[in-house]
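Source file: coords32.txt. Holds: compact mmCIF, C-alpha atoms.
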# COMPACT_ATOMS: atom_id res chain seq x y z
CA MET A 90 43.84 35.62 93.37
CA PRO A 91 40.82 33.70 91.95
CA ALA A 92 37.90 32.84 94.21
CA CYS A 93 37.83 29.31 95.61
CA THR A 94 34.80 27.27 94.57
CA SER A 95 34.26 26.21 98.18
CA GLN A 96 33.62 29.78 99.33
CA GLY A 97 30.14 30.38 100.60
CA TYR A 98 29.97 27.11 102.54
CA PRO A 99 30.11 27.26 106.33
CA ASN A 100 33.14 25.65 107.93
CA LEU A 101 32.52 22.26 109.49
CA ASP A 102 33.40 21.69 113.14
CA VAL A 103 35.06 18.26 112.71
CA ALA A 104 35.08 17.46 116.44
CA GLU A 105 31.34 18.17 116.72
CA ALA A 106 30.50 16.18 113.57
CA ASN A 107 32.59 13.21 114.78
CA ALA A 108 31.00 13.32 118.25
CA ARG A 109 27.60 12.74 116.63
CA VAL A 110 29.00 9.71 114.76
CA VAL A 111 30.18 8.18 118.05
CA GLY A 112 26.60 8.39 119.37
CA GLY A 113 25.76 5.25 117.43
CA TYR A 114 24.93 4.40 113.87
CA ARG A 115 21.49 5.57 112.77
CA LEU A 116 19.67 3.48 110.18
CA ASP A 117 18.17 4.92 107.02
CA ALA A 118 16.69 3.87 103.68
CA GLY A 119 18.93 1.45 101.81
CA ASP A 120 20.49 -0.25 104.85
CA LYS A 121 20.23 -4.05 104.75
CA LEU A 122 19.71 -5.73 108.11
CA ARG A 123 19.99 -9.22 109.55
CA VAL A 124 17.26 -9.73 112.14
CA THR A 125 17.69 -12.73 114.41
CA VAL A 126 14.74 -13.80 116.53
CA PHE A 127 16.26 -16.47 118.72
CA ASP A 128 14.44 -19.84 118.63
CA GLU A 129 12.18 -18.52 115.82
CA PRO A 130 13.80 -19.41 112.47
CA THR A 131 10.73 -18.39 110.47
CA LEU A 132 11.08 -14.79 111.69
CA THR A 133 14.86 -14.65 111.35
CA GLY A 134 16.04 -13.19 108.05
CA GLU A 135 17.41 -10.34 106.00
CA TYR A 136 15.39 -7.14 105.63
CA GLU A 137 15.93 -3.76 104.01
CA VAL A 138 15.00 -0.34 105.32
CA GLY A 139 12.64 1.02 102.65
CA VAL A 140 12.43 4.52 101.23
CA ALA A 141 9.73 5.38 103.78
CA GLY A 142 12.19 4.56 106.58
CA ALA A 143 10.54 1.35 107.80
CA MET A 144 11.30 -2.36 107.49
CA THR A 145 8.58 -4.94 107.07
CA MET A 146 8.58 -8.27 108.89
CA PRO A 147 6.09 -11.14 108.89
CA LEU A 148 3.34 -10.94 111.53
CA ILE A 149 4.19 -7.47 112.81
CA ALA A 150 4.29 -5.41 109.56
CA ASP A 151 6.20 -2.13 109.51
CA ILE A 152 8.84 -1.26 112.08
CA PRO A 153 10.10 2.35 112.03
CA ALA A 154 13.86 2.13 111.44
CA SER A 155 15.09 5.41 109.94
CA GLY A 156 16.89 7.49 112.55
CA HIS A 157 17.04 4.62 115.05
CA THR A 158 20.01 2.49 116.12
CA PRO A 159 19.98 -1.26 115.40
CA GLU A 160 19.51 -1.83 119.15
CA GLU A 161 16.42 0.40 119.22
CA VAL A 162 14.95 -1.48 116.25
CA ALA A 163 15.62 -4.81 118.02
CA GLN A 164 13.73 -3.53 121.08
CA ALA A 165 10.80 -2.38 118.90
CA ILE A 166 10.62 -5.79 117.20
CA SER A 167 10.70 -7.54 120.58
CA ALA A 168 7.91 -5.34 121.89
CA LYS A 169 5.66 -5.92 118.84
CA LEU A 170 6.22 -9.69 118.92
CA ALA A 171 5.35 -9.80 122.62
CA GLN A 172 2.32 -7.48 122.27
CA GLY A 173 0.88 -9.55 119.46
CA GLY A 174 1.34 -12.74 121.44
CA TYR A 175 3.44 -14.23 118.64
CA VAL A 176 6.46 -14.92 120.84
CA LEU A 177 6.17 -15.07 124.63
CA HIS A 178 9.67 -13.89 125.52
CA PRO A 179 11.28 -12.65 122.31
CA ARG A 180 15.03 -12.15 122.14
CA VAL A 181 15.99 -10.18 119.05
CA ALA A 182 19.30 -9.01 117.57
CA VAL A 183 19.65 -6.63 114.63
CA ASP A 184 22.91 -6.31 112.70
CA VAL A 185 23.70 -4.16 109.68
CA LEU A 186 24.69 -6.41 106.77
CA THR A 187 25.17 -3.70 104.17
CA TYR A 188 25.33 0.03 104.81
CA ARG A 189 23.95 2.51 102.32
CA PRO A 190 26.72 3.91 100.12
CA PHE A 191 28.58 7.20 100.25
CA TYR A 192 29.59 9.27 97.25
CA ILE A 193 32.78 11.06 96.17
CA LEU A 194 32.61 13.55 93.32
CA GLY A 195 35.00 15.94 91.61
CA GLU A 196 38.78 15.87 91.56
CA VAL A 197 39.47 12.26 92.55
CA ASN A 198 40.73 9.56 90.20
CA LYS A 199 37.60 7.39 90.46
CA PRO A 200 34.56 9.49 91.42
CA GLY A 201 31.39 7.57 92.18
CA GLU A 202 29.40 5.53 94.68
CA TYR A 203 31.30 3.50 97.29
CA THR A 204 30.39 0.90 99.88
CA TYR A 205 30.69 2.18 103.44
CA ALA A 206 32.93 0.00 105.59
CA GLY A 207 32.45 1.35 109.12
CA GLU A 208 34.52 4.01 110.91
CA MET A 209 35.98 5.45 107.73
CA SER A 210 37.87 8.74 107.76
CA LEU A 211 37.68 11.34 105.03
CA LEU A 212 41.24 10.49 103.90
CA GLN A 213 40.37 6.77 103.72
CA ALA A 214 37.29 7.58 101.63
CA ILE A 215 39.39 9.68 99.24
CA ALA A 216 41.94 6.86 99.01
CA LYS A 217 39.11 4.44 98.16
CA ALA A 218 38.26 6.75 95.25
CA GLY A 219 41.81 6.49 93.90
CA GLY A 220 43.19 9.56 95.63
CA PHE A 221 43.32 13.17 94.51
CA THR A 222 43.89 14.22 90.92
CA THR A 223 46.75 16.63 90.24
CA ARG A 224 44.24 19.51 90.06
CA ALA A 225 42.53 18.76 93.40
CA ASN A 226 42.22 21.16 96.28
CA ARG A 227 43.94 19.05 98.95
CA ALA A 228 43.20 21.44 101.82
CA SER A 229 39.41 21.18 102.05
CA VAL A 230 36.37 19.45 100.56
CA ILE A 231 32.62 20.03 100.62
CA VAL A 232 30.58 17.45 102.56
CA ARG A 233 26.81 17.03 102.46
CA ARG A 234 25.13 14.91 105.12
CA LYS A 235 21.50 14.15 105.89
CA GLY A 236 20.21 16.56 108.49
CA TRP A 237 22.51 19.40 107.44
CA GLU A 238 21.23 22.36 105.47
CA GLY A 239 23.47 22.28 102.39
CA GLY A 240 27.15 21.46 102.28
CA ARG A 241 29.90 22.23 104.77
CA LYS A 242 33.54 22.99 104.09
CA ALA A 243 35.65 20.32 105.81
CA PRO A 244 39.43 20.40 106.23
CA VAL A 245 41.41 17.45 104.90
CA GLY A 246 43.85 15.99 107.44
CA ASP A 247 44.10 14.97 111.05
CA PRO A 248 41.95 14.85 113.05
CA GLY A 249 39.93 13.75 110.09
CA LEU A 250 36.22 13.84 109.60
CA MET A 251 34.53 10.45 109.95
CA ILE A 252 32.47 9.64 106.85
CA MET A 253 28.93 8.33 107.28
CA PRO A 254 26.79 6.29 104.87
CA GLY A 255 24.85 8.62 102.62
CA ASP A 256 27.50 11.38 102.75
CA THR A 257 28.44 13.13 99.52
CA VAL A 258 32.00 14.44 99.37
CA THR A 259 32.95 16.89 96.62
CA VAL A 260 36.64 17.53 95.95
CA ASN A 261 36.92 20.84 94.12
CA GLU A 262 39.68 21.96 91.78
CA SER A 263 42.47 23.99 93.33
CA LEU A 264 42.47 27.43 91.76
CA LEU A 265 45.89 28.55 93.01
Just dump the structure as structure tokens.
Amino acid sequence: MPACTSQGYPNLDVAEANARVVGGYRLDAGDKLRVTVFDEPTLTGEYEVGVAGAMTMPLIADIPASGHTPEEVAQAISAKLAQGGYVLHPRVAVDVLTYRPFYILGEVNKPGEYTYAGEMSLLQAIAKAGGFTTRANRASVIVRRKGWEGGRKAPVGDPGLMIMPGDTVTVNESLL
């Protein structure tokens, strides 16, 4: 029997990977945010997390965002506005307008870059890419995620892996 192209990758513990997703969405470069500073329309606006992992706002300059939740970024903005004396009692909300994309490569009908839509399973991501080709290995895929060393072999099915923005999913050819 021929060797499978996904050999050599460690198996992914889907339950563990999904538990980390539930811990809250972590921002990273490419995320577009809506920052609302209540009663301060000149500070309210849309901002992007830059490649260095920070977002820049008027008056308070760079706010570290990469690796933080939107709530943590809102607290940091509030603290900087209060420390600088710009707003006496700032109330800030941060919402993600556009998530960074995820990628699907290999044996799917439409490989490429896709917009993340929140709480998306591996099967939903594959469906978004037009589904498997006739040559696809439908049992497992290779997933790369920021913070992991290399790819991990993930089973396809239920309970399914939750896809995160920035993930790269590679569907290999079935060699059976």
> Please, what distance in Å, to one decimal, runs between atom CA of A:Asn226 and atom CA of A:Gly255?
Replying inline: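 Here the two named atoms are 22.3 Å from each other.
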>> Please report the interatomic distance between atom CA of A:Ala225 and atom CA of A:Val245 in Å with one decimal.
In response: 11.6 Å
> Do you know which residues lie at most 6 Å from (28.1, 7.2, 98.1), with coordinates as in the file and only C-alpha atoms counted, and could you write them as a list in words?
Replying inline: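 Residues with an atom close enough to that point: Pro190, Phe191, Tyr192, Glu202, Tyr203 and Gly255 of chain A.
Computed from the coordinates, the atom CA of A:Ala168 to atom CA of A:Gly156 distance equals 18.2 Å.
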>> I'd like to know which of A:Gly195, A:Glu161, A:Leu116, A:Thr125 is closest to A:Ala143, using all atoms listed in the file.
In response: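 Closest residue, counting all atoms listed in the file: A:Leu116.
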Selection: 12 Å around A:His157, all atoms listed in the file, excl. self and same-chain fewer than 2 positions, as a JSON list (two decimals) with C-alpha atoms, in the coordinates of the input:
[["chain", "number", "residue", "atom", "x", "y", "z"],
["A", 112, "GLY", "CA", 26.60, 8.39, 119.37],
["A", 113, "GLY", "CA", 25.76, 5.25, 117.43],
["A", 114, "TYR", "CA", 24.93, 4.40, 113.87],
["A", 115, "ARG", "CA", 21.49, 5.57, 112.77],
["A", 116, "LEU", "CA", 19.67, 3.48, 110.18],
["A", 117, "ASP", "CA", 18.17, 4.92, 107.02],
["A", 118, "ALA", "CA", 16.69, 3.87, 103.68],
["A", 120, "ASP", "CA", 20.49, -0.25, 104.85],
["A", 138, "VAL", "CA", 15.00, -0.34, 105.32],
["A", 142, "GLY", "CA", 12.19, 4.56, 106.58],
["A", 143, "ALA", "CA", 10.54, 1.35, 107.80],
["A", 144, "MET", "CA", 11.30, -2.36, 107.49],
["A", 152, "ILE", "CA", 8.84, -1.26, 112.08],
["A", 153, "PRO", "CA", 10.10, 2.35, 112.03],
["A", 154, "ALA", "CA", 13.86, 2.13, 111.44],
["A", 155, "SER", "CA", 15.09, 5.41, 109.94],
["A", 159, "PRO", "CA", 19.98, -1.26, 115.40],
["A", 160, "GLU", "CA", 19.51, -1.83, 119.15],
["A", 161, "GLU", "CA", 16.42, 0.40, 119.22],
["A", 162, "VAL", "CA", 14.95, -1.48, 116.25],
["A", 163, "ALA", "CA", 15.62, -4.81, 118.02],
["A", 164, "GLN", "CA", 13.73, -3.53, 121.08],
["A", 165, "ALA", "CA", 10.80, -2.38, 118.90],
["A", 183, "VAL", "CA", 19.65, -6.63, 114.63]]
> Excluding same-chain residues fewer than 5 positions from stretch 214-216 of chain A, what lies within 12 Å of it counting all atoms listed in the file, as a count of residues only?
Replying inline: 40
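Among A:Leu170, A:Arg180, A:Lys242, A:Val124, the residue with the shortest atom-to-atom distance to A:Ala150, counting all atoms listed in the file, is A:Leu170.
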How big is the axis-aligned box around the listed atoms of stretch 191-196 of chain A once 6 Å is added on each side, and where is its centre? Give both in Å to one decimal, as JSON.
{"center_x": 33.7, "center_y": 11.6, "center_z": 95.9, "size_x": 22.2, "size_y": 20.7, "size_z": 20.7}
>> I'd like the neighbourhood of A:Thr133 as a list in words, where a residue qualifies if any of its atoms comes within 10 Å (using all atoms listed in the file), though same-chain residues fewer than 2 positions away should be ignored.
In response: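 That gives Arg123, Val124, Thr125, Val126, Phe127, Asp128, Glu129, Pro130, Thr131, Glu135, Tyr136, Met146, Pro147, Val181, Ala182 and Val183 of chain A.
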Starting from the block above, write stretch 107-222 of chain A out to a file with C-alpha atoms, as a PDB file, in the first residue's frame, please.
ATOM      1  CA  ASN A 107     -11.522  23.345  20.236  1.00  0.00           C
ATOM      2  CA  ALA A 108     -11.233  24.090  23.972  1.00  0.00           C
ATOM      3  CA  ARG A 109      -8.659  26.773  23.167  1.00  0.00           C
ATOM      4  CA  VAL A 110     -11.055  28.326  20.620  1.00  0.00           C
ATOM      5  CA  VAL A 111     -13.773  28.590  23.278  1.00  0.00           C
ATOM      6  CA  GLY A 112     -11.379  30.631  25.449  1.00  0.00           C
ATOM      7  CA  GLY A 113     -12.178  33.682  23.361  1.00  0.00           C
ATOM      8  CA  TYR A 114     -11.121  35.040  20.020  1.00  0.00           C
ATOM      9  CA  ARG A 115      -7.562  36.381  19.964  1.00  0.00           C
ATOM     10  CA  LEU A 116      -6.822  39.274  17.637  1.00  0.00           C
ATOM     11  CA  ASP A 117      -3.960  39.275  15.160  1.00  0.00           C
ATOM     12  CA  ALA A 118      -2.602  41.196  12.166  1.00  0.00           C
ATOM     13  CA  GLY A 119      -5.239  41.739   9.500  1.00  0.00           C
ATOM     14  CA  ASP A 120      -8.274  41.904  11.802  1.00  0.00           C
ATOM     15  CA  LYS A 121     -10.418  45.011  11.257  1.00  0.00           C
ATOM     16  CA  LEU A 122     -11.998  46.463  14.384  1.00  0.00           C
ATOM     17  CA  ARG A 123     -14.767  48.901  15.216  1.00  0.00           C
ATOM     18  CA  VAL A 124     -13.792  50.900  18.296  1.00  0.00           C
ATOM     19  CA  THR A 125     -16.595  52.829  19.967  1.00  0.00           C
ATOM     20  CA  VAL A 126     -15.668  55.416  22.568  1.00  0.00           C
ATOM     21  CA  PHE A 127     -19.046  56.407  23.942  1.00  0.00           C
ATOM     22  CA  ASP A 128     -19.775  60.155  23.834  1.00  0.00           C
ATOM     23  CA  GLU A 129     -16.523  60.720  21.871  1.00  0.00           C
ATOM     24  CA  PRO A 130     -17.355  60.549  18.133  1.00  0.00           C
ATOM     25  CA  THR A 131     -13.911  61.805  17.099  1.00  0.00           C
ATOM     26  CA  LEU A 132     -12.272  58.742  18.678  1.00  0.00           C
ATOM     27  CA  THR A 133     -14.866  56.254  17.448  1.00  0.00           C
ATOM     28  CA  GLY A 134     -13.919  54.550  14.194  1.00  0.00           C
ATOM     29  CA  GLU A 135     -12.592  51.584  12.281  1.00  0.00           C
ATOM     30  CA  TYR A 136      -9.027  50.418  12.854  1.00  0.00           C
ATOM     31  CA  GLU A 137      -6.879  47.548  11.627  1.00  0.00           C
ATOM     32  CA  VAL A 138      -4.424  45.431  13.578  1.00  0.00           C
ATOM     33  CA  GLY A 139      -1.116  46.011  11.771  1.00  0.00           C
ATOM     34  CA  VAL A 140       1.602  43.513  10.940  1.00  0.00           C
ATOM     35  CA  ALA A 141       3.421  44.436  14.161  1.00  0.00           C
ATOM     36  CA  GLY A 142       0.327  43.366  16.143  1.00  0.00           C
ATOM     37  CA  ALA A 143      -0.782  46.827  17.276  1.00  0.00           C
ATOM     38  CA  MET A 144      -3.560  49.219  16.285  1.00  0.00           C
ATOM     39  CA  THR A 145      -3.050  52.961  16.190  1.00  0.00           C
ATOM     40  CA  MET A 146      -5.618  55.443  17.490  1.00  0.00           C
ATOM     41  CA  PRO A 147      -5.570  59.235  17.698  1.00  0.00           C
ATOM     42  CA  LEU A 148      -4.154  60.691  20.930  1.00  0.00           C
ATOM     43  CA  ILE A 149      -2.969  57.408  22.430  1.00  0.00           C
ATOM     44  CA  ALA A 150      -0.877  55.921  19.567  1.00  0.00           C
ATOM     45  CA  ASP A 151      -0.231  52.176  19.496  1.00  0.00           C
ATOM     46  CA  ILE A 152      -2.327  49.701  21.442  1.00  0.00           C
ATOM     47  CA  PRO A 153      -0.993  46.120  21.579  1.00  0.00           C
ATOM     48  CA  ALA A 154      -3.734  43.931  20.071  1.00  0.00           C
ATOM     49  CA  SER A 155      -2.189  40.702  18.780  1.00  0.00           C
ATOM     50  CA  GLY A 156      -2.932  37.823  21.138  1.00  0.00           C
ATOM     51  CA  HIS A 157      -5.513  39.810  23.104  1.00  0.00           C
ATOM     52  CA  THR A 158      -9.308  39.526  23.123  1.00  0.00           C
ATOM     53  CA  PRO A 159     -11.421  42.471  21.928  1.00  0.00           C
ATOM     54  CA  GLU A 160     -12.460  43.023  25.566  1.00  0.00           C
ATOM     55  CA  GLU A 161      -8.823  43.256  26.688  1.00  0.00           C
ATOM     56  CA  VAL A 162      -8.095  45.791  23.938  1.00  0.00           C
ATOM     57  CA  ALA A 163     -11.139  47.846  25.013  1.00  0.00           C
ATOM     58  CA  GLN A 164      -9.799  47.897  28.591  1.00  0.00           C
ATOM     59  CA  ALA A 165      -6.334  48.977  27.367  1.00  0.00           C
ATOM     60  CA  ILE A 166      -7.851  51.808  25.311  1.00  0.00           C
ATOM     61  CA  SER A 167      -9.925  52.944  28.297  1.00  0.00           C
ATOM     62  CA  ALA A 168      -6.869  52.948  30.537  1.00  0.00           C
ATOM     63  CA  LYS A 169      -4.737  54.973  28.069  1.00  0.00           C
ATOM     64  CA  LEU A 170      -7.513  57.521  27.496  1.00  0.00           C
ATOM     65  CA  ALA A 171      -7.961  57.973  31.247  1.00  0.00           C
ATOM     66  CA  GLN A 172      -4.193  58.119  31.970  1.00  0.00           C
ATOM     67  CA  GLY A 173      -3.653  60.771  29.333  1.00  0.00           C
ATOM     68  CA  GLY A 174      -6.521  62.840  30.690  1.00  0.00           C
ATOM     69  CA  TYR A 175      -8.218  62.807  27.285  1.00  0.00           C
ATOM     70  CA  VAL A 176     -11.466  61.313  28.570  1.00  0.00           C
ATOM     71  CA  LEU A 177     -12.381  61.418  32.262  1.00  0.00           C
ATOM     72  CA  HIS A 178     -14.465  58.241  32.428  1.00  0.00           C
ATOM     73  CA  PRO A 179     -13.995  56.428  29.126  1.00  0.00           C
ATOM     74  CA  ARG A 180     -16.392  53.680  28.113  1.00  0.00           C
ATOM     75  CA  VAL A 181     -15.033  51.698  25.184  1.00  0.00           C
ATOM     76  CA  ALA A 182     -16.325  48.779  23.115  1.00  0.00           C
ATOM     77  CA  VAL A 183     -14.301  46.864  20.531  1.00  0.00           C
ATOM     78  CA  ASP A 184     -15.970  44.655  17.932  1.00  0.00           C
ATOM     79  CA  VAL A 185     -14.381  42.648  15.130  1.00  0.00           C
ATOM     80  CA  LEU A 186     -15.710  43.905  11.791  1.00  0.00           C
ATOM     81  CA  THR A 187     -13.662  41.636   9.548  1.00  0.00           C
ATOM     82  CA  TYR A 188     -11.644  38.629  10.633  1.00  0.00           C
ATOM     83  CA  ARG A 189      -8.407  37.715   8.912  1.00  0.00           C
ATOM     84  CA  PRO A 190      -8.970  34.984   6.314  1.00  0.00           C
ATOM     85  CA  PHE A 191      -8.330  31.254   6.444  1.00  0.00           C
ATOM     86  CA  TYR A 192      -6.963  29.171   3.592  1.00  0.00           C
ATOM     87  CA  ILE A 193      -7.895  25.831   2.027  1.00  0.00           C
ATOM     88  CA  LEU A 194      -5.449  24.157  -0.334  1.00  0.00           C
ATOM     89  CA  GLY A 195      -5.246  20.887  -2.226  1.00  0.00           C
ATOM     90  CA  GLU A 196      -8.051  18.545  -3.200  1.00  0.00           C
ATOM     91  CA  VAL A 197     -11.073  20.842  -2.906  1.00  0.00           C
ATOM     92  CA  ASN A 198     -13.032  22.243  -5.845  1.00  0.00           C
ATOM     93  CA  LYS A 199     -12.150  25.888  -5.130  1.00  0.00           C
ATOM     94  CA  PRO A 200      -8.881  26.154  -3.181  1.00  0.00           C
ATOM     95  CA  GLY A 201      -7.955  29.604  -1.945  1.00  0.00           C
ATOM     96  CA  GLU A 202      -8.446  32.313   0.664  1.00  0.00           C
ATOM     97  CA  TYR A 203     -11.810  32.545   2.435  1.00  0.00           C
ATOM     98  CA  THR A 204     -13.464  34.993   4.783  1.00  0.00           C
ATOM     99  CA  TYR A 205     -13.866  33.633   8.304  1.00  0.00           C
ATOM    100  CA  ALA A 206     -17.454  33.788   9.526  1.00  0.00           C
ATOM    101  CA  GLY A 207     -17.237  32.877  13.222  1.00  0.00           C
ATOM    102  CA  GLU A 208     -17.596  29.422  14.798  1.00  0.00           C
ATOM    103  CA  MET A 209     -16.902  27.546  11.586  1.00  0.00           C
ATOM    104  CA  SER A 210     -16.257  23.803  11.606  1.00  0.00           C
ATOM    105  CA  LEU A 211     -13.748  22.050   9.380  1.00  0.00           C
ATOM    106  CA  LEU A 212     -16.586  20.515   7.322  1.00  0.00           C
ATOM    107  CA  GLN A 213     -18.204  23.942   6.853  1.00  0.00           C
ATOM    108  CA  ALA A 214     -14.870  25.376   5.702  1.00  0.00           C
ATOM    109  CA  ILE A 215     -14.447  22.547   3.180  1.00  0.00           C
ATOM    110  CA  ALA A 216     -18.010  23.123   1.953  1.00  0.00           C
ATOM    111  CA  LYS A 217     -17.203  26.823   1.497  1.00  0.00           C
ATOM    112  CA  ALA A 218     -14.345  25.725  -0.773  1.00  0.00           C
ATOM    113  CA  GLY A 219     -16.746  23.746  -2.973  1.00  0.00           C
ATOM    114  CA  GLY A 220     -16.328  20.410  -1.225  1.00  0.00           C
ATOM    115  CA  PHE A 221     -13.870  17.602  -1.838  1.00  0.00           C
ATOM    116  CA  THR A 222     -12.654  16.612  -5.283  1.00  0.00           C
TER     117      THR A 222
END
